[in-house]
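Visitor: Pasting a structure here, questions to come.
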Amino acid sequence: MSRRVVILTTGGELAARVLRALAERGVRPAAVVVYVPSALAQWRGLRTRAARLLHLPLLPLRWARRRFCPRLDPQLRRVGAPLVVTGPLNGARMLRDLHRLRPDVVVLAGCGIVAPEALAVPPGGVFSVHPGLLPWTRGSSPSLHSLSRGVPLGATAFRVDPGIDTGPVVARRLLPVRGGETLAELRAALLGMWAEMTAELVTVAAEGHLGAGMPQGARFPLGRHVDGTAELAAAAAAVEAGVAKALFERWRPFCAPDLSLPPPEGDAVLPQPVAACEA
């Protein structure tokens with residue numbers, strides 16, 4: 001690899017898929033950094049003294065589990081890269097570990113909001129993939145917000161900046177929808193696309209071919225996390241009614257053969273989300 005690319009992740013299914021895809025490509029990142037939340041901070045955050053007393057005996061076990069379980073996960077060692085289990089996201093330990101690794105580029109694989117101090121570590125920048133089409137569906141639960149805002153399902157690779165999903169766009173890709181899929185099937189397919197695009201980011205970054213990206217031309221409302229039964233039922237009904245397929249077909253003529261949307265300067269020619277979401 002010509003450039004040192006470090007993957008920063010919380011672990012889990014997305015990281016496992018990304019590393020599997022990299023192993024199939026024969027790509028080995030410089031390191032895989034897994035950040036773990038502070039058990040002590042979460043214990044201190046318990047609302048009542050009784051709850052803190054109840055959970056106090058469990059602190060050593062929780063600390064050990066968070067520190068050692070990632071090291072025992074064979075999925076995280078799939079590509080043979082050094083595995084670094086670090087402290088909480090944006091914490092002093094994480095920053096020290098990133099500086100020690102001297103990455104040219106950091107690629108996120110399912111992370112929270114990265115602080116400016118961490119963004120400044122790699123000279124080549126920090127990149128990520130968002131499982132929604134930017135700038136239209138930034139924030140949490142993008143697949144559900146896409147369906148409610150009149151935006152097709154897809155994913156966006158972008159350069160991370162201090163905002164939330166506001167950095168320059170590197171690539172965008174529509175999720176193919178044939179019709180007849182369930183919401184669960186489409187979300188599973190979107191997870192696969194998310195992992196595949198993240199692996200592509202690592203591969204291209206290692207080769208030194210990642211560009212600066214194109215600035216997003218607009219900022220749409222930030223999506224909040226959705227996990228309510230009513231919202232999920234509404235999204236599932238929309239998929240069953242053919243909304244996801246209709247949106248895909250509506251935007252498909254504006255895409256390249258690989259279903260990549262044009263860069264942001266072409267946003268004006270794309271079908272726009274429903275007016276209620278443009279405020």
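Within each chain, counting starts at residue 1; across the structure tokens, chains are named A, B, ... in the order shown, with ligands numbered 1 upward in that order.
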So that I can check the secondary structure, give me every residue of region 30-255 of chain A assigned helix (DSSP H, G or I) by backbone DSSP, as a ChimeraX atom specification.

Guide: /A:39-44,49-68,70-72,74-77,92-101,116-119,142-149,183-206,229-240,243-254

Visitor: Set the distance at 10 Å and use only C-alpha atoms: which residues neighbour region 15-28 of chain A once local chain neighbours fewer than 6 positions away are removed? I'd like the list as a PyMOL selection string.

Guide: chain A and resi 1+4-9+34+73-82+108-110+191-192+194-200+202-203+206

Visitor: May I have all residues of region 16-230 of chain A that DSSP, computed from the backbone, assigns to strand (DSSP E), given as a PyMOL selection string?

Guide: chain A and resi 31-35+83-86+105-109+126-130+154-159+169-174

Visitor: Please list as a VMD selection string every residue within 7 Å of region 95-103 of chain A, counting only C-alpha atoms and excluding residues in the same chain fewer than 2 positions away.

Guide: chain A and resid 4 to 6 90 to 93 105 to 106 118 121 to 122

Visitor: Contacts of Arg178 (chain A) at 7 Å or less, counting only C-alpha atoms, minus same-chain residues fewer than 2 places along, as a ChimeraX atom specification?

Guide: /A:176,180,245

Visitor: Looking at only C-alpha atoms, which of A:Asp161, A:Asp104, A:Glu240, A:Glu13 is the one that sits closest to Gly179 (chain A)?

Guide: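 Looking at the shortest contact to Gly179 (chain A), the residue is A:Glu240.
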
Visitor: Contacts of His145 (chain A) at 10 Å or less, counting only C-alpha atoms, minus same-chain residues fewer than 5 places along, as a PyMOL selection string?

Guide: chain A and resi 132+136-140+150-153+222-226+231+235+277

Visitor: Please produce a file of the residues just selected, as an mmCIF file, in the first residue's frame, where the atoms kept are N, CA and C atoms.

Guide:
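Contents of part-v8.cif, freshly written:
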```cif
data_model
loop_
_atom_site.group_PDB
_atom_site.id
_atom_site.type_symbol
_atom_site.label_atom_id
_atom_site.label_comp_id
_atom_site.auth_asym_id
_atom_site.auth_seq_id
_atom_site.Cartn_x
_atom_site.Cartn_y
_atom_site.Cartn_z
ATOM 1 N N GLY A 132 -27.097 7.094 3.025
ATOM 2 C CA GLY A 132 -28.172 7.931 2.516
ATOM 3 C C GLY A 132 -27.576 8.872 1.483
ATOM 4 N N TRP A 136 -29.409 15.376 0.819
ATOM 5 C CA TRP A 136 -30.842 15.335 1.099
ATOM 6 C C TRP A 136 -31.200 14.615 2.397
ATOM 7 N N THR A 137 -30.443 13.594 2.778
ATOM 8 C CA THR A 137 -30.825 12.813 3.975
ATOM 9 C C THR A 137 -29.630 12.623 4.889
ATOM 10 N N ARG A 138 -29.168 13.693 5.489
ATOM 11 C CA ARG A 138 -28.068 13.580 6.439
ATOM 12 C C ARG A 138 -28.619 13.261 7.835
ATOM 13 N N GLY A 139 -27.738 12.787 8.710
ATOM 14 C CA GLY A 139 -28.161 12.467 10.067
ATOM 15 C C GLY A 139 -28.533 11.007 10.233
ATOM 16 N N SER A 140 -29.283 10.725 11.278
ATOM 17 C CA SER A 140 -29.629 9.346 11.650
ATOM 18 C C SER A 140 -30.823 8.817 10.853
ATOM 19 N N GLY A 150 -39.092 11.762 -0.016
ATOM 20 C CA GLY A 150 -39.113 11.662 -1.467
ATOM 21 C C GLY A 150 -37.737 11.530 -2.076
ATOM 22 N N VAL A 151 -36.833 10.856 -1.384
ATOM 23 C CA VAL A 151 -35.461 10.652 -1.857
ATOM 24 C C VAL A 151 -35.215 9.156 -1.981
ATOM 25 N N PRO A 152 -34.617 8.692 -3.075
ATOM 26 C CA PRO A 152 -34.369 7.253 -3.202
ATOM 27 C C PRO A 152 -33.319 6.778 -2.206
ATOM 28 N N LEU A 153 -33.279 5.475 -1.989
ATOM 29 C CA LEU A 153 -32.282 4.894 -1.113
ATOM 30 C C LEU A 153 -30.932 4.862 -1.821
ATOM 31 N N LEU A 222 -31.483 17.974 9.459
ATOM 32 C CA LEU A 222 -30.788 16.848 10.072
ATOM 33 C C LEU A 222 -31.802 15.815 10.531
ATOM 34 N N GLY A 223 -31.627 14.578 10.092
ATOM 35 C CA GLY A 223 -32.550 13.515 10.475
ATOM 36 C C GLY A 223 -32.261 12.999 11.871
ATOM 37 N N ARG A 224 -33.298 12.841 12.668
ATOM 38 C CA ARG A 224 -33.161 12.295 14.017
ATOM 39 C C ARG A 224 -33.348 10.781 14.001
ATOM 40 N N HIS A 225 -32.856 10.128 15.031
ATOM 41 C CA HIS A 225 -32.975 8.680 15.112
ATOM 42 C C HIS A 225 -34.442 8.259 15.195
ATOM 43 N N VAL A 226 -34.818 7.279 14.389
ATOM 44 C CA VAL A 226 -36.182 6.787 14.341
ATOM 45 C C VAL A 226 -36.176 5.295 14.680
ATOM 46 N N GLU A 231 -43.382 4.614 12.982
ATOM 47 C CA GLU A 231 -42.548 5.084 11.886
ATOM 48 C C GLU A 231 -42.049 3.929 11.022
ATOM 49 N N ALA A 235 -42.904 3.254 7.033
ATOM 50 C CA ALA A 235 -41.871 3.046 6.021
ATOM 51 C C ALA A 235 -42.074 1.715 5.313
ATOM 52 N N CYS A 277 -39.655 19.292 2.805
ATOM 53 C CA CYS A 277 -38.351 18.932 3.356
ATOM 54 C C CYS A 277 -37.257 19.891 2.924
#
```

Visitor: Quick one: residues within 10 Å of Leu46 (chain A), only C-alpha atoms counted, chain neighbours fewer than 6 positions away excluded, as an mmCIF file with N, CA and C atoms, in the first residue's frame?

Guide:
```
data_model
loop_
_atom_site.group_PDB
_atom_site.id
_atom_site.type_symbol
_atom_site.label_atom_id
_atom_site.label_comp_id
_atom_site.auth_asym_id
_atom_site.auth_seq_id
_atom_site.Cartn_x
_atom_site.Cartn_y
_atom_site.Cartn_z
ATOM 1 N N ARG A 52 -26.268 3.462 40.775
ATOM 2 C CA ARG A 52 -24.808 3.400 40.764
ATOM 3 C C ARG A 52 -24.291 2.331 41.718
ATOM 4 N N LEU A 53 -24.915 2.239 42.895
ATOM 5 C CA LEU A 53 -24.500 1.210 43.847
ATOM 6 C C LEU A 53 -24.773 -0.191 43.303
ATOM 7 N N HIS A 55 -24.838 -1.139 40.183
ATOM 8 C CA HIS A 55 -23.981 -1.487 39.061
ATOM 9 C C HIS A 55 -22.495 -1.427 39.394
#
```

Visitor: As an exercise, work out the distance from CA of Leu270 (chain A) to CA of Leu174 (chain A) in Å and give it to one decimal place.

Guide: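 Straight-line distance from CA of Leu270 (chain A) to CA of Leu174 (chain A) works out to 12.8 Å.
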